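Source file: start-v3.txt; contents: compact mmCIF, C-alpha atoms (C1' of nucleotides).
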# COMPACT_ATOMS: atom_id res chain seq x y z
CA MET X 180 -37.79 62.77 30.99
CA ALA X 181 -40.08 63.01 33.93
CA ARG X 182 -40.72 59.26 33.68
CA ILE X 183 -40.18 57.86 37.15
CA ASP X 184 -41.05 54.34 36.16
CA GLU X 185 -40.32 52.72 32.84
CA VAL X 186 -42.13 49.65 34.11
CA PRO X 187 -45.93 49.87 34.36
CA ARG X 188 -46.79 50.85 37.91
CA ARG X 189 -47.61 48.01 40.28
CA ARG X 190 -50.04 48.10 43.12
CA ALA X 191 -48.72 49.00 46.56
CA ASP X 192 -49.59 45.63 48.09
CA ALA X 193 -47.75 43.86 45.29
CA ARG X 194 -44.54 45.76 45.99
CA ARG X 195 -44.97 45.21 49.72
CA ASN X 196 -45.43 41.48 49.23
CA GLU X 197 -42.41 41.14 47.02
CA GLU X 198 -40.31 42.86 49.65
CA ALA X 199 -41.75 40.65 52.39
CA LEU X 200 -41.04 37.56 50.30
CA LEU X 201 -37.41 38.49 49.74
CA ASP X 202 -36.94 39.07 53.47
CA ALA X 203 -38.76 35.88 54.41
CA ALA X 204 -36.81 33.85 51.87
CA ALA X 205 -33.49 35.23 53.06
CA ALA X 206 -34.37 34.35 56.64
CA ALA X 207 -35.62 30.89 55.66
CA PHE X 208 -32.48 30.17 53.64
CA VAL X 209 -30.32 31.04 56.63
CA ALA X 210 -32.44 28.97 59.00
CA THR X 211 -33.10 25.92 56.85
CA GLY X 212 -31.05 26.18 53.66
CA VAL X 213 -32.01 26.89 50.06
CA GLU X 214 -34.04 23.69 49.96
CA VAL X 215 -36.65 25.08 52.33
CA PRO X 216 -40.17 24.36 51.01
CA VAL X 217 -41.91 27.17 49.16
CA ARG X 218 -44.86 26.82 51.53
CA ASP X 219 -42.65 27.68 54.48
CA ILE X 220 -41.37 30.82 52.82
CA ALA X 221 -44.93 31.85 51.97
CA ALA X 222 -46.00 31.28 55.57
CA ARG X 223 -43.07 33.33 56.93
CA ALA X 224 -44.03 36.18 54.62
CA GLY X 225 -47.68 35.84 55.58
CA VAL X 226 -48.84 35.27 51.99
CA GLY X 227 -50.24 32.35 50.01
CA VAL X 228 -48.12 30.19 47.74
CA GLY X 229 -49.84 31.65 44.72
CA THR X 230 -48.33 35.00 45.57
CA VAL X 231 -44.85 33.54 45.69
CA TYR X 232 -45.27 32.14 42.20
CA ARG X 233 -46.69 35.34 40.74
CA HIS X 234 -43.60 37.25 41.85
CA PHE X 235 -41.07 34.50 41.17
CA PRO X 236 -42.02 32.03 38.42
CA THR X 237 -40.00 29.29 40.06
CA ARG X 238 -38.22 28.80 43.36
CA ALA X 239 -34.88 29.15 41.60
CA ASP X 240 -35.81 32.69 40.58
CA LEU X 241 -36.43 33.50 44.21
CA VAL X 242 -33.02 32.17 45.17
CA VAL X 243 -31.42 34.22 42.42
CA ALA X 244 -33.19 37.36 43.61
CA VAL X 245 -32.06 36.82 47.20
CA TYR X 246 -28.41 36.27 46.33
CA ARG X 247 -28.07 38.65 43.39
CA HIS X 248 -26.14 41.20 45.43
CA GLN X 249 -23.55 38.72 46.61
CA VAL X 250 -23.10 37.22 43.17
CA GLU X 251 -22.49 40.69 41.76
CA ALA X 252 -19.98 41.41 44.49
CA CYS X 253 -18.21 38.17 43.68
CA ALA X 254 -18.12 39.04 39.99
CA ASP X 255 -16.67 42.46 40.73
CA ALA X 256 -14.02 40.99 43.00
CA GLY X 257 -12.23 39.27 40.10
CA PRO X 258 -10.88 42.37 38.33
CA THR X 259 -10.21 43.97 41.71
CA HIS X 260 -7.93 41.16 42.79
CA LEU X 261 -6.16 41.19 39.44
CA ALA X 262 -5.45 44.88 39.87
CA GLU X 263 -4.31 44.58 43.46
CA VAL X 264 -1.80 41.77 43.42
CA ALA X 265 1.13 41.26 41.11
CA SER X 266 0.65 37.54 40.55
CA PRO X 267 -2.45 36.58 38.57
CA TYR X 268 -2.30 33.15 40.21
CA GLU X 269 -2.50 34.80 43.61
CA ALA X 270 -5.48 36.82 42.40
CA LEU X 271 -7.15 33.62 41.22
CA VAL X 272 -6.53 31.99 44.59
CA ARG X 273 -8.12 34.91 46.39
CA TRP X 274 -11.09 35.01 44.10
CA VAL X 275 -11.71 31.28 44.50
CA ASP X 276 -11.45 31.73 48.27
CA GLY X 277 -14.16 34.35 48.18
CA PHE X 278 -16.32 32.20 45.97
CA VAL X 279 -15.95 29.27 48.35
CA ASP X 280 -16.86 31.49 51.28
CA PHE X 281 -20.03 32.43 49.49
CA LEU X 282 -20.90 28.83 48.65
CA VAL X 283 -20.31 27.25 52.03
CA THR X 284 -21.99 30.09 53.90
CA LYS X 285 -25.33 29.42 52.25
CA HIS X 286 -26.54 25.90 52.94
CA GLY X 287 -26.96 23.93 49.79
CA LEU X 288 -26.20 26.71 47.35
CA ALA X 289 -23.25 24.80 45.95
CA GLY X 290 -25.53 22.01 44.85
CA ALA X 291 -27.14 24.40 42.43
CA LEU X 292 -23.93 24.65 40.43
CA ARG X 293 -24.33 21.07 39.39
CA GLY X 294 -26.55 20.97 36.35
CA ASP X 295 -27.77 17.48 37.19
CA GLY X 296 -31.42 17.97 38.01
CA SER X 297 -33.60 20.54 36.35
CA ARG X 298 -34.68 21.89 39.71
CA PHE X 299 -32.38 24.87 39.67
CA ASP X 300 -32.03 25.79 36.04
CA ALA X 301 -32.51 29.53 36.46
CA LEU X 302 -30.07 29.62 39.34
CA HIS X 303 -27.51 27.56 37.52
CA GLY X 304 -27.83 29.75 34.46
CA TYR X 305 -27.48 33.02 36.30
CA PHE X 306 -24.51 31.88 38.32
CA LEU X 307 -22.60 30.68 35.32
CA GLU X 308 -23.50 33.57 33.07
CA ARG X 309 -22.30 36.08 35.62
CA LEU X 310 -19.26 34.35 37.08
CA VAL X 311 -17.76 32.19 34.35
CA PRO X 312 -16.42 35.17 32.35
CA VAL X 313 -14.72 36.48 35.49
CA CYS X 314 -13.18 33.10 36.19
CA ASP X 315 -12.08 32.81 32.56
CA GLU X 316 -10.31 36.13 32.82
CA LEU X 317 -8.42 35.13 35.95
CA LEU X 318 -7.42 31.80 34.46
CA ALA X 319 -6.28 33.42 31.22
CA ALA X 320 -4.17 35.96 33.09
CA ALA X 321 -2.49 33.29 35.20
CA ALA X 322 -1.93 31.07 32.17
CA ALA X 323 -0.48 33.98 30.20
CA ALA X 324 1.94 34.59 33.05
CA GLY X 325 2.98 30.95 32.83
CA GLU X 326 1.85 30.27 36.38
CA ILE X 327 -0.67 27.55 35.58
CA ARG X 328 -1.67 25.09 32.88
CA ASP X 329 -3.81 26.64 30.19
CA ASP X 330 -6.21 23.86 29.27
CA LEU X 331 -8.89 24.49 31.85
CA SER X 332 -11.94 26.65 31.27
CA GLY X 333 -13.56 28.90 33.84
CA TYR X 334 -16.64 26.76 33.54
CA GLU X 335 -14.73 23.64 34.46
CA LEU X 336 -13.00 25.24 37.42
CA MET X 337 -16.27 26.63 38.76
CA ARG X 338 -18.11 23.36 38.31
CA GLY X 339 -15.26 21.66 40.09
CA VAL X 340 -15.23 24.07 43.00
CA GLY X 341 -19.01 23.81 43.25
CA GLY X 342 -18.77 20.03 43.32
CA LEU X 343 -16.16 20.10 46.06
CA CYS X 344 -18.30 22.42 48.17
CA ALA X 345 -21.66 20.72 47.65
CA GLY X 346 -23.08 19.43 50.90
CA ALA X 347 -19.94 20.35 52.80
CA GLU X 348 -21.59 21.97 55.80
CA ASP X 349 -22.73 19.66 58.61
CA ASP X 350 -19.88 17.24 57.87
CA GLU X 351 -16.99 17.78 60.25
CA ARG X 352 -14.90 15.08 58.56
CA TYR X 353 -14.73 17.11 55.35
CA ASP X 354 -13.11 20.48 54.86
CA ALA X 355 -14.23 21.90 51.52
CA ARG X 356 -11.74 24.74 51.71
CA ARG X 357 -8.85 22.37 52.05
CA LEU X 358 -9.97 20.28 49.07
CA VAL X 359 -10.41 23.39 46.94
CA GLY X 360 -6.91 24.36 48.00
CA VAL X 361 -5.61 21.05 46.70
CA LEU X 362 -7.46 21.53 43.41
CA VAL X 363 -6.11 25.01 42.90
CA ALA X 364 -2.61 23.83 43.80
CA GLY X 365 -3.02 21.17 41.12
CA LEU X 366 -3.47 23.89 38.51
CA ARG X 367 0.24 24.61 38.72
CA ALA X 368 1.12 21.15 37.48
CA ARG X 369 1.61 20.74 33.77
CA PRO X 370 -1.04 18.68 31.96
CA PRO X 371 0.20 15.14 31.25
CA GLY X 372 1.98 14.92 27.93
CA SER X 373 2.65 18.63 27.59
CA PRO X 374 6.08 19.77 26.41
CA ARG X 375 8.42 20.26 29.33
CA ARG X 376 8.82 24.06 29.30
CA MET S 1143 -22.82 -30.40 57.91
CA ALA S 1144 -25.43 -31.19 55.31
CA ARG S 1145 -26.94 -27.74 55.84
CA ILE S 1146 -27.31 -26.20 52.39
CA ASP S 1147 -28.96 -23.03 53.63
CA GLU S 1148 -28.20 -21.25 56.86
CA VAL S 1149 -30.97 -18.82 56.01
CA PRO S 1150 -34.55 -20.07 56.33
CA ARG S 1151 -35.68 -21.24 52.92
CA ARG S 1152 -37.61 -18.74 50.84
CA ARG S 1153 -40.40 -19.46 48.43
CA ALA S 1154 -39.52 -19.98 44.79
CA ASP S 1155 -41.49 -16.98 43.55
CA ALA S 1156 -39.73 -14.77 46.08
CA ARG S 1157 -36.31 -15.77 44.80
CA ARG S 1158 -37.50 -15.37 41.22
CA ASN S 1159 -38.81 -11.90 41.92
CA GLU S 1160 -35.65 -10.74 43.63
CA GLU S 1161 -33.64 -11.88 40.64
CA ALA S 1162 -36.03 -10.16 38.23
CA LEU S 1163 -35.82 -6.98 40.30
CA LEU S 1164 -32.04 -6.91 40.24
CA ASP S 1165 -32.04 -7.38 36.47
CA ALA S 1166 -34.76 -4.80 35.93
CA ALA S 1167 -33.02 -2.30 38.20
CA ALA S 1168 -29.69 -2.76 36.46
CA ALA S 1169 -31.34 -2.19 33.09
CA ALA S 1170 -33.28 0.82 34.35
CA PHE S 1171 -30.15 2.37 35.89
CA VAL S 1172 -28.36 2.08 32.57
CA ALA S 1173 -31.30 3.48 30.63
CA THR S 1174 -32.38 6.28 32.95
CA GLY S 1175 -29.85 6.62 35.77
CA VAL S 1176 -29.99 5.70 39.44
CA GLU S 1177 -32.73 8.26 39.97
CA VAL S 1178 -35.23 6.20 38.00
CA PRO S 1179 -38.57 5.99 39.87
CA VAL S 1180 -39.18 2.85 41.89
CA ARG S 1181 -42.48 2.35 40.05
CA ASP S 1182 -40.62 2.07 36.75
CA ILE S 1183 -38.32 -0.59 38.09
CA ALA S 1184 -41.28 -2.52 39.46
CA ALA S 1185 -43.04 -2.30 36.10
CA ARG S 1186 -39.94 -3.51 34.24
CA ALA S 1187 -39.72 -6.48 36.57
CA GLY S 1188 -43.44 -7.14 36.23
CA VAL S 1189 -44.11 -6.85 39.97
CA GLY S 1190 -45.87 -4.39 42.24
CA VAL S 1191 -44.06 -1.70 44.20
CA GLY S 1192 -44.81 -3.52 47.43
CA THR S 1193 -42.64 -6.37 46.24
CA VAL S 1194 -39.74 -4.03 45.61
CA TYR S 1195 -39.90 -2.77 49.17
CA ARG S 1196 -40.16 -6.20 50.73
CA HIS S 1197 -36.93 -7.25 49.07
CA PHE S 1198 -35.13 -3.92 49.41
CA PRO S 1199 -36.23 -1.76 52.36
CA THR S 1200 -35.33 1.40 50.51
CA ARG S 1201 -34.30 2.31 46.97
CA ALA S 1202 -30.75 2.89 48.17
CA ASP S 1203 -30.53 -0.76 49.22
CA LEU S 1204 -31.50 -1.76 45.71
CA VAL S 1205 -28.76 0.41 44.25
CA VAL S 1206 -26.25 -1.11 46.65
CA ALA S 1207 -27.31 -4.62 45.66
CA VAL S 1208 -26.96 -3.85 41.96
CA TYR S 1209 -23.49 -2.34 42.25
CA ARG S 1210 -22.06 -4.49 45.05
CA HIS S 1211 -19.88 -6.47 42.66
CA GLN S 1212 -18.26 -3.41 41.15
CA VAL S 1213 -17.68 -1.80 44.51
CA GLU S 1214 -15.96 -4.95 45.72
CA ALA S 1215 -13.81 -5.02 42.60
CA CYS S 1216 -12.85 -1.43 43.20
CA ALA S 1217 -11.96 -2.16 46.80
CA ASP S 1218 -9.80 -5.09 45.77
CA ALA S 1219 -8.01 -3.02 43.14
CA GLY S 1220 -6.31 -0.84 45.77
CA PRO S 1221 -3.92 -3.42 47.23
CA THR S 1222 -3.39 -4.86 43.75
CA HIS S 1223 -2.14 -1.56 42.38
CA LEU S 1224 0.09 -1.06 45.40
CA ALA S 1225 1.67 -4.44 44.77
CA GLU S 1226 2.10 -3.92 41.06
CA VAL S 1227 3.75 -0.53 40.76
CA ALA S 1228 6.77 0.78 42.59
CA SER S 1229 5.43 4.25 43.30
CA PRO S 1230 2.53 4.39 45.78
CA TYR S 1231 1.49 7.69 44.23
CA GLU S 1232 1.20 6.01 40.85
CA ALA S 1233 -0.89 3.27 42.49
CA LEU S 1234 -3.14 5.95 43.99
CA VAL S 1235 -3.53 7.62 40.60
CA ARG S 1236 -4.55 4.34 39.00
CA TRP S 1237 -6.99 3.50 41.74
CA VAL S 1238 -8.63 6.91 41.54
CA ASP S 1239 -8.87 6.49 37.76
CA GLY S 1240 -10.73 3.23 38.23
CA PHE S 1241 -13.00 4.78 40.80
CA VAL S 1242 -13.82 7.65 38.48
CA ASP S 1243 -14.56 5.21 35.66
CA PHE S 1244 -17.04 3.50 37.92
CA LEU S 1245 -18.69 6.75 38.97
CA VAL S 1246 -19.09 8.38 35.59
CA THR S 1247 -20.25 5.17 33.93
CA LYS S 1248 -23.33 4.97 36.12
CA HIS S 1249 -25.52 8.03 35.74
CA GLY S 1250 -25.94 9.90 38.97
CA LEU S 1251 -24.09 7.44 41.18
CA ALA S 1252 -21.55 10.07 42.15
CA GLY S 1253 -24.26 12.20 43.67
CA ALA S 1254 -24.79 9.50 46.26
CA LEU S 1255 -21.34 10.15 47.70
CA ARG S 1256 -22.49 13.52 48.87
CA GLY S 1257 -24.15 13.08 52.24
CA ASP S 1258 -26.35 16.11 51.68
CA GLY S 1259 -29.84 14.67 51.46
CA SER S 1260 -30.95 11.66 53.43
CA ARG S 1261 -32.20 9.98 50.28
CA PHE S 1262 -29.20 7.73 49.83
CA ASP S 1263 -28.03 6.97 53.33
CA ALA S 1264 -27.56 3.24 52.87
CA LEU S 1265 -25.69 3.74 49.61
CA HIS S 1266 -23.51 6.45 51.07
CA GLY S 1267 -22.74 4.30 54.08
CA TYR S 1268 -21.84 1.21 52.11
CA PHE S 1269 -19.64 3.06 49.66
CA LEU S 1270 -17.66 4.78 52.35
CA GLU S 1271 -17.39 1.79 54.64
CA ARG S 1272 -15.99 -0.35 51.88
CA LEU S 1273 -13.79 2.10 49.99
CA VAL S 1274 -12.51 4.63 52.50
CA PRO S 1275 -10.12 2.15 54.17
CA VAL S 1276 -8.67 1.29 50.77
CA CYS S 1277 -8.21 4.94 49.92
CA ASP S 1278 -6.66 5.59 53.33
CA GLU S 1279 -4.13 2.84 52.72
CA LEU S 1280 -3.11 4.25 49.35
CA LEU S 1281 -2.81 7.77 50.74
CA ALA S 1282 -0.78 6.57 53.71
CA ALA S 1283 1.61 4.64 51.48
CA ALA S 1284 2.16 7.62 49.19
CA ALA S 1285 2.58 9.97 52.13
CA ALA S 1286 5.06 7.60 53.77
CA ALA S 1287 7.06 7.59 50.55
CA GLY S 1288 7.12 11.39 50.71
CA GLU S 1289 5.29 11.66 47.40
CA ILE S 1290 2.28 13.64 48.66
CA ARG S 1291 1.12 15.79 51.55
CA ASP S 1292 -0.06 13.76 54.52
CA ASP S 1293 -2.92 15.83 55.87
CA LEU S 1294 -5.72 14.46 53.74
CA SER S 1295 -7.95 11.58 54.73
CA GLY S 1296 -9.30 8.94 52.41
CA TYR S 1297 -12.76 10.17 53.24
CA GLU S 1298 -11.92 13.68 52.10
CA LEU S 1299 -10.34 12.53 48.87
CA MET S 1300 -13.29 10.30 48.03
CA ARG S 1301 -15.83 12.96 48.85
CA GLY S 1302 -13.84 15.34 46.69
CA VAL S 1303 -13.65 12.97 43.75
CA GLY S 1304 -17.35 12.21 44.12
CA GLY S 1305 -18.13 15.90 44.10
CA LEU S 1306 -16.08 16.47 40.97
CA CYS S 1307 -17.84 13.62 39.17
CA ALA S 1308 -21.39 14.39 40.26
CA GLY S 1309 -23.62 15.18 37.33
CA ALA S 1310 -20.70 15.08 34.93
CA GLU S 1311 -22.33 13.00 32.20
CA ASP S 1312 -24.46 14.86 29.64
CA ASP S 1313 -22.28 17.97 29.97
CA GLU S 1314 -19.78 18.17 27.16
CA ARG S 1315 -18.24 21.35 28.54
CA TYR S 1316 -17.02 19.53 31.64
CA ASP S 1317 -14.50 16.72 31.79
CA ALA S 1318 -14.65 15.12 35.23
CA ARG S 1319 -11.54 13.04 34.57
CA ARG S 1320 -9.47 16.10 33.84
CA LEU S 1321 -10.63 17.87 37.01
CA VAL S 1322 -9.90 14.80 39.11
CA GLY S 1323 -6.47 14.77 37.49
CA VAL S 1324 -5.91 18.34 38.64
CA LEU S 1325 -7.02 17.46 42.16
CA VAL S 1326 -4.71 14.47 42.37
CA ALA S 1327 -1.85 16.53 40.95
CA GLY S 1328 -2.53 19.03 43.72
CA LEU S 1329 -1.80 16.34 46.31
CA ARG S 1330 1.88 16.66 45.50
CA ALA S 1331 1.99 20.25 46.64
CA ARG S 1332 2.93 20.88 50.25
CA PRO S 1333 0.13 22.18 52.50
CA PRO S 1334 0.49 25.93 53.08
CA GLY S 1335 2.63 26.74 56.08
CA SER S 1336 4.31 23.32 56.25
CA PRO S 1337 8.05 23.18 56.85
CA ARG S 1338 9.94 23.30 53.57
CA ARG S 1339 11.33 19.75 53.34
C1' DA N 21 -56.57 -32.18 48.27
C1' DC N 22 -56.07 -28.96 52.12
C1' DC N 23 -54.57 -25.32 54.76
C1' DG N 24 -51.55 -21.78 56.97
C1' DT N 25 -48.83 -18.23 55.86
C1' DA N 26 -45.07 -16.09 53.04
C1' DG N 27 -45.43 -13.19 49.67
C1' DC N 28 -47.86 -10.30 46.37
C1' DG N 29 -50.11 -6.06 44.08
C1' DG N 30 -51.46 -1.75 44.09
C1' DA N 31 -54.33 1.67 46.49
C1' DA N 32 -53.33 5.17 49.73
C1' DC N 33 -50.47 8.49 52.29
C1' DG N 34 -47.11 12.35 53.00
C1' DC N 35 -44.40 15.70 50.98
C1' DG N 36 -42.80 19.08 47.71
C1' DG N 37 -43.25 22.00 43.44
C1' DT N 38 -46.48 24.18 40.59
C1' DT N 39 -51.10 25.61 38.63
C1' DC N 40 -55.69 27.39 38.74
C1' DC N 41 -59.55 30.02 39.84
C1' DG N 42 -63.01 32.54 42.51
C1' DC N 43 -62.71 36.32 45.63
C1' DT N 44 -60.66 40.72 47.52
C1' DT N 45 -59.12 45.24 47.28
C1' DG N 46 -56.13 49.14 45.67
C1' DG N 47 -56.39 52.95 42.82
C1' DC N 48 -58.54 55.67 39.22
C1' DC N 49 -62.46 58.41 37.72
C1' DA N 50 -66.80 60.76 38.26
C1' DT K 1060 -67.07 60.23 48.27
C1' DG K 1061 -68.76 56.34 45.96
C1' DG K 1062 -68.34 52.99 42.41
C1' DC K 1063 -66.06 50.14 39.24
C1' DC K 1064 -62.82 46.59 37.57
C1' DA K 1065 -58.80 44.27 36.81
C1' DA K 1066 -54.37 43.45 39.34
C1' DG K 1067 -53.41 40.73 42.78
C1' DC K 1068 -54.35 37.40 46.36
C1' DG K 1069 -54.97 32.80 48.91
C1' DG K 1070 -55.03 28.27 49.15
C1' DA K 1071 -57.28 24.16 47.33
C1' DA K 1072 -56.04 21.02 43.85
C1' DC K 1073 -52.90 18.45 40.88
C1' DC K 1074 -48.80 15.84 39.73
C1' DG K 1075 -44.76 12.92 40.65
C1' DC K 1076 -42.15 10.51 43.93
C1' DG K 1077 -40.85 7.52 47.97
C1' DT K 1078 -42.88 4.66 51.17
C1' DT K 1079 -46.53 2.10 53.89
C1' DC K 1080 -50.45 -0.83 54.48
C1' DC K 1081 -53.61 -4.39 53.91
C1' DG K 1082 -56.69 -7.75 51.76
C1' DC K 1083 -55.99 -11.39 48.65
C1' DT K 1084 -53.22 -15.19 46.25
C1' DA K 1085 -50.92 -19.24 45.67
C1' DC K 1086 -46.61 -21.91 47.33
C1' DG K 1087 -45.43 -25.92 49.37
C1' DG K 1088 -45.52 -29.00 53.45
C1' DT K 1089 -48.72 -32.53 55.15
Mind converting the file's structure to structure tokens?
Amino acid sequence: MARIDEVPRRRADARRNEEALLDAAAAAFVATGVEVPVRDIAARAGVGVGTVYRHFPTRADLVVAVYRHQVEACADAGPTHLAEVASPYEALVRWVDGFVDFLVTKHGLAGALRGDGSRFDALHGYFLERLVPVCDELLAAAAAAGEIRDDLSGYELMRGVGGLCAGAEDDERYDARRLVGVLVAGLRARPPGSPRR
Amino acid sequence: MARIDEVPRRRADARRNEEALLDAAAAAFVATGVEVPVRDIAARAGVGVGTVYRHFPTRADLVVAVYRHQVEACADAGPTHLAEVASPYEALVRWVDGFVDFLVTKHGLAGALRGDGSRFDALHGYFLERLVPVCDELLAAAAAAGEIRDDLSGYELMRGVGGLCAGAEDDERYDARRLVGVLVAGLRARPPGSPRR
DNA sequence: ACCGTAGCGGAACGCGGTTCCGCTTGGCCA
DNA sequence: TGGCCAAGCGGAACCGCGTTCCGCTACGGT
């Protein structure tokens, strides 16, 4: 009962370094993007690269740790929207908006949603695991209300949105939000070959 | 008048090597994807890496050379579709279908449409330069016919389609074609806040 | 056959992620 | 308070990749 720590106690410098690393990484991601070299993050935190890797087995784990809060907030927002607005489709639209905000705010984060390389496996996994169920729920609600087609999975929609947002910053000819808007508008159309009502 | 070659004549082995490189690269792209290491291509062709770089200043140039024919065919298909079907929107749909076929057939090619990294500048540039005007023409025709919204550029649509297709192979949970279908269906919706008819 | 140079091969470089290992030092115990 | 020892640290080292460089080879005109 008096157990303060379930986890075996860690040395003070270890906790201090982990904190410093999270701060340094957050700052580096803002300044340079998620692709910033591990060495730079280590330098910002005033530690060696070895220390980075002891605390975070791979750079993707570090990214996950930095953005965990915002991903959780995004996950929680789904049910909230559903409860607040009458139209499930409207709730979906709002949720996707928030998700896009998150993606385009952080340079290069959207690229991680693509499973192409193996460079961001942990990140990819965490994102999907946490957010796909939320997206599924919104889609199912809107489909049940007859507002959208029902043959798209949350995974597909999220992958799609991620793809549309990837590399969207620093390109003034391309407005990711507008394209996502078009995609979401397209959900209302019936799939080709489906019975007409 | 009797000039066979405008370009200064090149040595026989040079021409032979360039040919071998194009063949080797094409084979390697099919087997491994466009991200295949330059060293592998050189080995397949039985030449040194130096030779690769003398013929193609950067790996992106090699990719462009390999796919030039298909890009040209895709560019030509735009006007053809417009001439063949009555509805410009239908022509656009067909053209996008063909473009998607091209992208998903070649592993990783779609990723090059994203301007994110600088790794594929030449490729990116060539693709856009050649195909964006075609896409613009199709969009303009469909917009003029009142079939779609008129606030999207060819560049945006192509970037969007590229994003939706990136990393789509080897993921059975994700159907790039279906997502592109949703996006194109979304074009028919009016932009938010536009006058109702 | 001879020679100048276009062209070649592959070692070497820079960069980024990750691993490894000898040294430092925090924290417990006497 | 001093001493011990492993948790933890730093950064050199390694690997893979794109690209560059340079000494040698051999093509092809004379």
Have a look at N:DC28, N:DC40, N:DC48, N:DC23 and name the one nearest to chain S; count only C-alpha atoms (C1' of nucleotides).
->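 Counting only C-alpha atoms (C1' of nucleotides), the residue closest to chain S is N:DC28.
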Long-range neighbours of stretch 1072-1083 of chain K as a ChimeraX atom specification, 9 Å cut-off, all atoms listed in the file, 6 positions minimum in chain = /S:1179-1180,1192,1195,1200-1201 /N:28,32-34,38-40
Could you list the residues in chain N lying within 10 Å of chain S, using only C-alpha atoms (C1' of nucleotides), and format the result as number ranges by chain?
-> N: 26-30
Using only C-alpha atoms, find which residues of chain X lie within 12 Å of chain S and jot them down as JSON, numbers by chain.
-> {"X": [212, 214, 286, 287, 288, 289, 290, 291, 292, 293, 294, 295, 296, 297, 327, 328, 330, 331, 332, 333, 334, 335, 336, 337, 338, 339, 340, 341, 342, 343, 344, 345, 346, 347, 348, 349, 350, 351, 352, 353, 354, 355, 356, 357, 358, 359, 360, 361, 362, 363, 364, 365, 366, 367, 368, 369, 370, 371]}
Find the nearest atom pair between each residue of chain K and chain X for residues within 12 Å, count only C-alpha atoms (C1' of nucleotides), give distances in Å to one decimal, sort rows by chain and ascending number, and present the table as a tab-separated table.
residue	atom	partner	partner_atom	distance
K:DA1065	C1'	X:Arg190	CA	11.5
K:DA1066	C1'	X:Arg190	CA	7.4
K:DG1067	C1'	X:Ala193	CA	6.9
K:DC1068	C1'	X:Thr230	CA	6.5
K:DG1069	C1'	X:Gly227	CA	4.9
K:DG1070	C1'	X:Gly227	CA	6.4
K:DA1071	C1'	X:Gly229	CA	10.9
Would you mind reading off the distance between atom CA of X:Arg309 and atom CA of X:Ala254, one decimal, in Å?
->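 Separating atom CA of X:Arg309 from atom CA of X:Ala254 is a distance of 6.7 Å.
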Would you work out the distance separating atom CA of X:Arg195 from atom CA of X:Gly304, expressed in Å to one decimal?
->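 Straight-line distance from atom CA of X:Arg195 to atom CA of X:Gly304 works out to 27.7 Å.
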When you draw a straight line from atom CA of S:Ala1215 to atom CA of S:Leu1273, how long is it in Å?
->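 Straight-line distance from atom CA of S:Ala1215 to atom CA of S:Leu1273 works out to 10.3 Å.
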Box dimensions and centre (Å, one decimal) enclosing stretch 33-40 of chain N, axis-aligned, 3 Å extra per side, as lines of an AutoDock Vina configuration file:
center_x = -49.2
center_y = 17.9
center_z = 45.8
size_x = 18.9
size_y = 24.9
size_z = 20.4
Rank S:Leu1204, S:Leu1234, S:Ala1173, S:Ala1167 by their smallest atom-to-atom distance to S:Phe1262, using all atoms listed in the file, and report the top residue only.
->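 Checking each of S:Leu1204, S:Leu1234, S:Ala1173, S:Ala1167 against S:Phe1262, counting all atoms listed in the file, the winner is S:Leu1204.
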